[in-house]
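Below is upload-v5.cif, holding mmCIF, N, CA and C atoms.
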```cif
data_model
#
loop_
_atom_site.label_atom_id
_atom_site.label_comp_id
_atom_site.auth_asym_id
_atom_site.auth_seq_id
_atom_site.Cartn_x
_atom_site.Cartn_y
_atom_site.Cartn_z
N MET A 37 130.51 1.82 -57.21
CA MET A 37 130.21 1.15 -58.47
C MET A 37 131.15 1.72 -59.54
N ASN A 38 131.81 0.81 -60.27
CA ASN A 38 132.73 1.29 -61.29
C ASN A 38 131.99 1.64 -62.59
N ALA A 39 132.67 2.28 -63.49
CA ALA A 39 132.05 2.78 -64.73
C ALA A 39 131.61 1.64 -65.65
N THR A 40 132.36 0.56 -65.67
CA THR A 40 132.02 -0.56 -66.54
C THR A 40 130.69 -1.20 -66.13
N ALA A 41 130.50 -1.38 -64.86
CA ALA A 41 129.26 -1.97 -64.37
C ALA A 41 128.07 -1.06 -64.67
N LYS A 42 128.29 0.23 -64.55
CA LYS A 42 127.22 1.20 -64.82
C LYS A 42 126.83 1.17 -66.30
N ILE A 43 127.81 1.11 -67.18
CA ILE A 43 127.54 1.03 -68.62
C ILE A 43 126.83 -0.27 -68.96
N ARG A 44 127.26 -1.37 -68.35
CA ARG A 44 126.64 -2.67 -68.59
C ARG A 44 125.17 -2.64 -68.17
N ARG A 45 124.87 -2.06 -67.00
CA ARG A 45 123.49 -1.97 -66.52
C ARG A 45 122.63 -1.14 -67.47
N ARG A 46 123.16 -0.03 -67.94
CA ARG A 46 122.41 0.83 -68.87
C ARG A 46 122.18 0.13 -70.21
N THR A 47 123.18 -0.60 -70.68
CA THR A 47 123.04 -1.33 -71.95
C THR A 47 121.99 -2.42 -71.83
N GLN A 48 122.00 -3.14 -70.72
CA GLN A 48 121.00 -4.18 -70.52
C GLN A 48 119.60 -3.60 -70.40
N ALA A 49 119.46 -2.48 -69.75
CA ALA A 49 118.15 -1.83 -69.63
C ALA A 49 117.65 -1.37 -71.00
N ALA A 50 118.55 -0.84 -71.81
CA ALA A 50 118.16 -0.40 -73.16
C ALA A 50 117.78 -1.59 -74.02
N ALA A 51 118.49 -2.69 -73.88
CA ALA A 51 118.18 -3.89 -74.67
C ALA A 51 116.82 -4.46 -74.29
N ARG A 52 116.46 -4.38 -73.01
CA ARG A 52 115.16 -4.90 -72.57
C ARG A 52 114.01 -4.08 -73.13
N THR A 53 114.23 -2.81 -73.38
CA THR A 53 113.15 -1.94 -73.87
C THR A 53 113.15 -1.79 -75.39
N ALA A 54 114.14 -2.31 -76.07
CA ALA A 54 114.20 -2.19 -77.53
C ALA A 54 113.11 -3.05 -78.17
N SER A 55 112.63 -2.60 -79.30
CA SER A 55 111.58 -3.35 -79.98
C SER A 55 112.14 -4.62 -80.61
N LYS A 56 111.25 -5.55 -80.89
CA LYS A 56 111.64 -6.81 -81.51
C LYS A 56 112.19 -6.55 -82.92
N ALA A 57 111.59 -5.61 -83.63
CA ALA A 57 112.04 -5.28 -84.98
C ALA A 57 113.49 -4.80 -84.98
N LEU A 58 113.84 -3.98 -84.00
CA LEU A 58 115.22 -3.48 -83.91
C LEU A 58 116.18 -4.63 -83.62
N GLY A 59 115.77 -5.56 -82.78
CA GLY A 59 116.63 -6.70 -82.47
C GLY A 59 116.91 -7.55 -83.69
N TYR A 60 115.87 -7.86 -84.47
CA TYR A 60 116.07 -8.66 -85.67
C TYR A 60 116.85 -7.89 -86.73
N ARG A 61 116.63 -6.60 -86.80
CA ARG A 61 117.36 -5.76 -87.75
C ARG A 61 118.86 -5.79 -87.41
N THR A 62 119.16 -5.74 -86.14
CA THR A 62 120.55 -5.79 -85.69
C THR A 62 121.18 -7.14 -86.02
N LEU A 63 120.42 -8.23 -85.84
CA LEU A 63 120.95 -9.55 -86.17
C LEU A 63 121.26 -9.68 -87.67
N SER A 64 120.44 -9.05 -88.51
CA SER A 64 120.63 -9.15 -89.95
C SER A 64 121.80 -8.29 -90.43
N GLY A 65 122.08 -7.22 -89.74
CA GLY A 65 123.23 -6.38 -90.05
C GLY A 65 123.23 -5.79 -91.44
N VAL A 66 124.36 -5.87 -92.10
CA VAL A 66 124.54 -5.24 -93.41
C VAL A 66 123.70 -5.91 -94.49
N ILE A 67 123.34 -7.15 -94.30
CA ILE A 67 122.52 -7.85 -95.29
C ILE A 67 121.15 -7.17 -95.41
N ALA A 68 120.59 -6.74 -94.27
CA ALA A 68 119.30 -6.04 -94.30
C ALA A 68 119.43 -4.73 -95.07
N LEU A 69 120.55 -4.06 -94.93
CA LEU A 69 120.78 -2.82 -95.66
C LEU A 69 120.85 -3.08 -97.16
N LEU A 70 121.51 -4.16 -97.55
CA LEU A 70 121.58 -4.51 -98.97
C LEU A 70 120.21 -4.87 -99.55
N VAL A 71 119.36 -5.48 -98.74
CA VAL A 71 118.00 -5.79 -99.18
C VAL A 71 117.20 -4.49 -99.33
N ASP A 72 117.35 -3.58 -98.38
CA ASP A 72 116.63 -2.31 -98.44
C ASP A 72 117.02 -1.47 -99.65
N THR A 73 118.28 -1.53 -100.06
CA THR A 73 118.74 -0.75 -101.21
C THR A 73 118.52 -1.46 -102.53
N GLY A 74 118.07 -2.72 -102.51
CA GLY A 74 117.79 -3.43 -103.74
C GLY A 74 118.96 -4.19 -104.33
N ARG A 75 120.07 -4.22 -103.64
CA ARG A 75 121.23 -4.98 -104.15
C ARG A 75 121.04 -6.47 -103.95
N LEU A 76 120.23 -6.85 -102.98
CA LEU A 76 119.83 -8.24 -102.77
C LEU A 76 118.31 -8.26 -102.68
N ILE A 77 117.70 -9.35 -103.16
CA ILE A 77 116.24 -9.47 -103.09
C ILE A 77 115.85 -10.80 -102.47
N ARG A 78 114.69 -10.81 -101.85
CA ARG A 78 114.13 -12.04 -101.30
C ARG A 78 113.38 -12.76 -102.41
N THR A 79 113.11 -14.03 -102.22
CA THR A 79 112.40 -14.79 -103.25
C THR A 79 110.99 -14.24 -103.45
N GLY A 80 110.36 -13.76 -102.39
CA GLY A 80 109.03 -13.17 -102.52
C GLY A 80 109.05 -11.91 -103.38
N ASP A 81 110.11 -11.10 -103.25
CA ASP A 81 110.25 -9.91 -104.09
C ASP A 81 110.42 -10.30 -105.55
N PHE A 82 111.17 -11.36 -105.78
CA PHE A 82 111.37 -11.83 -107.16
C PHE A 82 110.05 -12.30 -107.75
N LEU A 83 109.27 -13.05 -106.97
CA LEU A 83 107.98 -13.52 -107.47
C LEU A 83 107.05 -12.35 -107.77
N ASP A 84 107.11 -11.30 -106.98
CA ASP A 84 106.32 -10.10 -107.27
C ASP A 84 106.71 -9.51 -108.61
N ARG A 85 107.99 -9.50 -108.91
CA ARG A 85 108.49 -8.92 -110.17
C ARG A 85 108.06 -9.71 -111.40
N VAL A 86 107.95 -11.02 -111.26
CA VAL A 86 107.60 -11.84 -112.42
C VAL A 86 106.12 -12.21 -112.47
N GLY A 87 105.33 -11.63 -111.57
CA GLY A 87 103.89 -11.85 -111.62
C GLY A 87 103.38 -12.96 -110.73
N GLY A 88 104.13 -13.36 -109.75
CA GLY A 88 103.71 -14.46 -108.87
C GLY A 88 103.28 -14.00 -107.49
N SER A 89 102.90 -12.74 -107.35
CA SER A 89 102.53 -12.23 -106.03
C SER A 89 101.24 -12.85 -105.50
N ASP A 90 100.43 -13.41 -106.40
CA ASP A 90 99.17 -14.01 -105.98
C ASP A 90 99.30 -15.48 -105.59
N LEU A 91 100.51 -16.03 -105.66
CA LEU A 91 100.71 -17.43 -105.27
C LEU A 91 100.49 -17.59 -103.77
N PRO A 92 99.90 -18.71 -103.33
CA PRO A 92 99.75 -18.94 -101.89
C PRO A 92 101.10 -19.14 -101.22
N ASP A 93 101.12 -18.97 -99.90
CA ASP A 93 102.37 -19.07 -99.15
C ASP A 93 103.08 -20.40 -99.36
N GLY A 94 102.33 -21.48 -99.45
CA GLY A 94 102.94 -22.80 -99.64
C GLY A 94 103.73 -22.89 -100.92
N LYS A 95 103.18 -22.36 -102.02
CA LYS A 95 103.89 -22.39 -103.29
C LYS A 95 105.10 -21.47 -103.27
N GLN A 96 104.97 -20.31 -102.63
CA GLN A 96 106.12 -19.40 -102.54
C GLN A 96 107.25 -20.04 -101.73
N SER A 97 106.88 -20.76 -100.69
CA SER A 97 107.88 -21.43 -99.87
C SER A 97 108.59 -22.52 -100.66
N TRP A 98 107.84 -23.29 -101.43
CA TRP A 98 108.47 -24.35 -102.23
C TRP A 98 109.34 -23.76 -103.33
N PHE A 99 108.93 -22.64 -103.89
CA PHE A 99 109.79 -21.98 -104.87
C PHE A 99 111.12 -21.59 -104.23
N GLY A 100 111.06 -21.06 -103.01
CA GLY A 100 112.29 -20.69 -102.30
C GLY A 100 113.21 -21.88 -102.09
N ARG A 101 112.63 -23.03 -101.79
CA ARG A 101 113.44 -24.23 -101.60
C ARG A 101 114.11 -24.66 -102.91
N HIS A 102 113.39 -24.55 -104.00
CA HIS A 102 113.97 -24.90 -105.30
C HIS A 102 115.07 -23.92 -105.70
N ALA A 103 114.86 -22.63 -105.42
CA ALA A 103 115.89 -21.63 -105.73
C ALA A 103 117.14 -21.87 -104.88
N LYS A 104 116.95 -22.23 -103.62
CA LYS A 104 118.09 -22.51 -102.74
C LYS A 104 118.87 -23.71 -103.26
N LYS A 105 118.16 -24.75 -103.68
CA LYS A 105 118.82 -25.95 -104.20
C LYS A 105 119.63 -25.62 -105.45
N ALA A 106 119.08 -24.79 -106.34
CA ALA A 106 119.79 -24.40 -107.55
C ALA A 106 121.01 -23.54 -107.21
N TYR A 107 120.89 -22.69 -106.21
CA TYR A 107 122.02 -21.84 -105.80
C TYR A 107 123.16 -22.70 -105.24
N ILE A 108 122.81 -23.67 -104.41
CA ILE A 108 123.84 -24.55 -103.84
C ILE A 108 124.52 -25.35 -104.94
N ALA A 109 123.75 -25.82 -105.92
CA ALA A 109 124.34 -26.59 -107.02
C ALA A 109 125.29 -25.73 -107.83
N ALA A 110 124.98 -24.46 -108.01
CA ALA A 110 125.82 -23.59 -108.83
C ALA A 110 127.03 -23.05 -108.07
N ASN A 111 126.87 -22.76 -106.78
CA ASN A 111 127.94 -22.07 -106.03
C ASN A 111 128.61 -22.92 -104.97
N GLY A 112 128.00 -24.03 -104.59
CA GLY A 112 128.61 -24.88 -103.58
C GLY A 112 128.41 -24.41 -102.16
N SER A 113 127.65 -23.36 -101.94
CA SER A 113 127.37 -22.87 -100.59
C SER A 113 125.93 -22.35 -100.53
N GLU A 114 125.44 -22.16 -99.32
CA GLU A 114 124.07 -21.67 -99.16
C GLU A 114 124.00 -20.17 -99.42
N PRO A 115 122.85 -19.68 -99.87
CA PRO A 115 122.70 -18.23 -100.06
C PRO A 115 122.65 -17.51 -98.71
N LEU A 116 122.83 -16.20 -98.73
CA LEU A 116 122.76 -15.40 -97.52
C LEU A 116 121.33 -15.40 -96.99
N THR A 117 121.20 -15.21 -95.68
CA THR A 117 119.88 -15.15 -95.08
C THR A 117 119.70 -13.83 -94.35
N VAL A 118 118.46 -13.42 -94.20
CA VAL A 118 118.12 -12.20 -93.49
C VAL A 118 116.83 -12.45 -92.70
N TRP A 119 116.67 -11.78 -91.58
CA TRP A 119 115.44 -11.87 -90.82
C TRP A 119 114.43 -10.94 -91.46
N ALA A 120 113.21 -11.42 -91.67
CA ALA A 120 112.14 -10.60 -92.25
C ALA A 120 110.81 -11.00 -91.65
N ARG A 121 109.86 -10.08 -91.70
CA ARG A 121 108.51 -10.40 -91.23
C ARG A 121 107.77 -11.17 -92.30
N HIS A 122 107.06 -12.22 -91.89
CA HIS A 122 106.25 -12.98 -92.82
C HIS A 122 105.12 -12.09 -93.30
N ARG A 123 104.78 -12.19 -94.58
CA ARG A 123 103.83 -11.24 -95.15
C ARG A 123 102.41 -11.40 -94.65
N THR A 124 102.04 -12.58 -94.18
CA THR A 124 100.66 -12.77 -93.70
C THR A 124 100.57 -12.96 -92.19
N THR A 125 101.51 -13.67 -91.60
CA THR A 125 101.43 -13.94 -90.16
C THR A 125 102.11 -12.87 -89.31
N GLY A 126 103.06 -12.16 -89.88
CA GLY A 126 103.78 -11.14 -89.13
C GLY A 126 104.89 -11.68 -88.25
N ARG A 127 105.10 -13.00 -88.26
CA ARG A 127 106.18 -13.59 -87.46
C ARG A 127 107.52 -13.31 -88.12
N TRP A 128 108.59 -13.29 -87.32
CA TRP A 128 109.93 -13.08 -87.85
C TRP A 128 110.47 -14.43 -88.32
N ILE A 129 110.94 -14.48 -89.56
CA ILE A 129 111.45 -15.71 -90.15
C ILE A 129 112.76 -15.42 -90.88
N HIS A 130 113.54 -16.47 -91.09
CA HIS A 130 114.75 -16.38 -91.90
C HIS A 130 114.36 -16.57 -93.36
N VAL A 131 114.82 -15.70 -94.23
CA VAL A 131 114.59 -15.86 -95.66
C VAL A 131 115.92 -15.73 -96.38
N HIS A 132 116.04 -16.42 -97.50
CA HIS A 132 117.26 -16.36 -98.30
C HIS A 132 117.18 -15.17 -99.24
N VAL A 133 118.33 -14.56 -99.49
CA VAL A 133 118.39 -13.41 -100.39
C VAL A 133 119.40 -13.69 -101.50
N TYR A 134 119.12 -13.13 -102.66
CA TYR A 134 119.91 -13.39 -103.86
C TYR A 134 120.17 -12.08 -104.59
N SER A 135 121.09 -12.12 -105.51
CA SER A 135 121.30 -11.00 -106.42
C SER A 135 120.06 -10.91 -107.31
N PRO A 136 119.63 -9.69 -107.70
CA PRO A 136 118.43 -9.57 -108.53
C PRO A 136 118.51 -10.31 -109.86
N ILE A 137 119.71 -10.58 -110.35
CA ILE A 137 119.85 -11.27 -111.63
C ILE A 137 120.44 -12.66 -111.46
N ASP A 138 120.32 -13.23 -110.27
CA ASP A 138 120.90 -14.55 -109.99
C ASP A 138 120.19 -15.62 -110.80
N GLU A 139 120.95 -16.46 -111.45
CA GLU A 139 120.41 -17.54 -112.29
C GLU A 139 119.64 -18.56 -111.45
N ALA A 140 119.95 -18.68 -110.17
CA ALA A 140 119.26 -19.65 -109.32
C ALA A 140 117.77 -19.34 -109.20
N LEU A 141 117.41 -18.08 -109.27
CA LEU A 141 115.99 -17.72 -109.20
C LEU A 141 115.23 -18.24 -110.42
N TYR A 142 115.84 -18.11 -111.60
CA TYR A 142 115.20 -18.60 -112.82
C TYR A 142 115.22 -20.14 -112.87
N ALA A 143 116.30 -20.72 -112.35
CA ALA A 143 116.36 -22.19 -112.27
C ALA A 143 115.28 -22.71 -111.32
N GLY A 144 115.02 -21.97 -110.25
CA GLY A 144 113.96 -22.34 -109.33
C GLY A 144 112.59 -22.28 -109.99
N LEU A 145 112.37 -21.27 -110.84
CA LEU A 145 111.12 -21.18 -111.59
C LEU A 145 110.95 -22.38 -112.51
N ARG A 146 112.06 -22.76 -113.16
CA ARG A 146 112.01 -23.90 -114.09
C ARG A 146 111.78 -25.22 -113.38
N SER A 147 112.41 -25.41 -112.23
CA SER A 147 112.38 -26.72 -111.59
C SER A 147 111.10 -26.97 -110.78
N TYR A 148 110.42 -25.94 -110.35
CA TYR A 148 109.20 -26.14 -109.55
C TYR A 148 107.98 -25.99 -110.44
N LYS A 149 107.18 -27.04 -110.49
CA LYS A 149 106.04 -27.05 -111.40
C LYS A 149 105.00 -25.99 -111.07
N GLY A 150 104.95 -25.53 -109.83
CA GLY A 150 103.98 -24.50 -109.44
C GLY A 150 104.32 -23.11 -109.94
N THR A 151 105.55 -22.94 -110.45
CA THR A 151 105.96 -21.62 -110.94
C THR A 151 106.41 -21.62 -112.40
N ARG A 152 106.33 -22.75 -113.06
CA ARG A 152 106.77 -22.81 -114.46
C ARG A 152 105.98 -21.86 -115.35
N HIS A 153 104.71 -21.68 -115.05
CA HIS A 153 103.89 -20.79 -115.87
C HIS A 153 104.40 -19.35 -115.82
N LEU A 154 105.05 -18.95 -114.72
CA LEU A 154 105.60 -17.60 -114.61
C LEU A 154 106.82 -17.43 -115.51
N LEU A 155 107.58 -18.49 -115.68
CA LEU A 155 108.75 -18.44 -116.54
C LEU A 155 108.34 -18.23 -117.98
N ALA A 156 107.29 -18.90 -118.43
CA ALA A 156 106.81 -18.73 -119.80
C ALA A 156 106.34 -17.30 -120.01
N ASP A 157 105.65 -16.71 -119.01
CA ASP A 157 105.18 -15.32 -119.12
C ASP A 157 106.36 -14.36 -119.16
N THR A 158 107.40 -14.64 -118.37
CA THR A 158 108.56 -13.76 -118.32
C THR A 158 109.26 -13.74 -119.68
N TYR A 159 109.46 -14.92 -120.28
CA TYR A 159 110.13 -14.95 -121.58
C TYR A 159 109.26 -14.36 -122.67
N ALA A 160 107.94 -14.50 -122.57
CA ALA A 160 107.05 -13.93 -123.58
C ALA A 160 107.11 -12.41 -123.53
N ARG A 161 107.19 -11.83 -122.35
CA ARG A 161 107.26 -10.36 -122.24
C ARG A 161 108.58 -9.82 -122.75
N CYS A 162 109.65 -10.61 -122.63
CA CYS A 162 110.97 -10.14 -123.07
C CYS A 162 111.11 -10.22 -124.58
N ALA A 163 110.38 -11.08 -125.23
CA ALA A 163 110.53 -11.28 -126.67
C ALA A 163 109.84 -10.20 -127.48
#
```
Could you write out this file's structure as structure tokens?
Amino acid sequence: MNATAKIRRRTQAAARTASKALGYRTLSGVIALLVDTGRLIRTGDFLDRVGGSDLPDGKQSWFGRHAKKAYIAANGSEPLTVWARHRTTGRWIHVHVYSPIDEALYAGLRSYKGTRHLLADTYARCA
């Protein structure tokens, strides 16, 4: 048996025993690291910051769609995605990530009627 085949067998055995979390973390790569350090945030993290953590999953999902639409309109491309665990079901899902000060997040708040009340609260606190 040559060395290459032996290494391949060991790599495959290690991959079979690796956890699902490690696999998804590997797929996300450097983007997951940027999310962990706070350089990029998920839409759910943004909603937590502006007081929308109590919104149901359906409204949070629709807010994410509106933020994505605003990002595409402003930049001409889709935002980056990362694998993350769903906060209630625990399933692994793709979520979009943005800069913490990205205008698309605020445009998403404005365009979706389920989150407009958060925008008014955000501006009231800043004034």
Spatial neighbours of His132 (chain A), max dist 6 Å, all atoms listed in the file, sep filter under 5 positions, as a PyMOL selection string: chain A and resi 77-79+115-118
Export, as a CSV table (one decimal), in the coordinates of the input, the selected residues with N, CA and C atoms.
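Result file follows (again_24.csv):
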```
chain,number,residue,atom,x,y,z
A,77,ILE,N,117.7,-9.4,-103.2
A,77,ILE,CA,116.2,-9.5,-103.1
A,77,ILE,C,115.8,-10.8,-102.5
A,78,ARG,N,114.7,-10.8,-101.8
A,78,ARG,CA,114.1,-12.0,-101.3
A,78,ARG,C,113.4,-12.8,-102.4
A,79,THR,N,113.1,-14.0,-102.2
A,79,THR,CA,112.4,-14.8,-103.2
A,79,THR,C,111.0,-14.2,-103.4
A,115,PRO,N,122.8,-19.7,-99.9
A,115,PRO,CA,122.7,-18.2,-100.1
A,115,PRO,C,122.6,-17.5,-98.7
A,116,LEU,N,122.8,-16.2,-98.7
A,116,LEU,CA,122.8,-15.4,-97.5
A,116,LEU,C,121.3,-15.4,-97.0
A,117,THR,N,121.2,-15.2,-95.7
A,117,THR,CA,119.9,-15.2,-95.1
A,117,THR,C,119.7,-13.8,-94.4
A,118,VAL,N,118.5,-13.4,-94.2
A,118,VAL,CA,118.1,-12.2,-93.5
A,118,VAL,C,116.8,-12.4,-92.7
```
If you run DSSP over the backbone, which residues in region 104-147 of chain A end up alpha helix (DSSP H)? Put them as a list of chain:residue names. A:Lys104, A:Lys105, A:Ala106, A:Tyr107, A:Ile108, A:Ala109, A:Ala110, A:Asn111, A:Glu139, A:Ala140, A:Leu141, A:Tyr142, A:Ala143, A:Gly144, A:Leu145, A:Arg146, A:Ser147
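Straight-line separation from CA of Asp81 (chain A) to CA of Tyr60 (chain A): 19.4 Å.
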Which of these residues is nearest to Lys95 (chain A), using all atoms listed in the file: A:Gly150, A:Gly65, A:Arg45, A:Leu155?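 Checking each of A:Gly150, A:Gly65, A:Arg45, A:Leu155 against Lys95 (chain A), counting all atoms listed in the file, the winner is A:Gly150.
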Between A:Leu141, A:Leu63, A:Ala39, A:Ala49, which has the minimum distance to His102 (chain A) (counting all atoms listed in the file)? A:Leu141
Run DSSP on the backbone and tell me which residues of region 120-150 of chain A come out as strand (DSSP E or B); list them as a list in words.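 Put together, the selection reads Ala120, Arg121, Trp128, Ile129, His130, Val131, His132, Val133 and Tyr134 of chain A.
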So the first atom is CA of Leu83 (chain A) and the second is CA of Ala103 (chain A); what is the distance between them in Å, to one decimal place? 11.5 Å
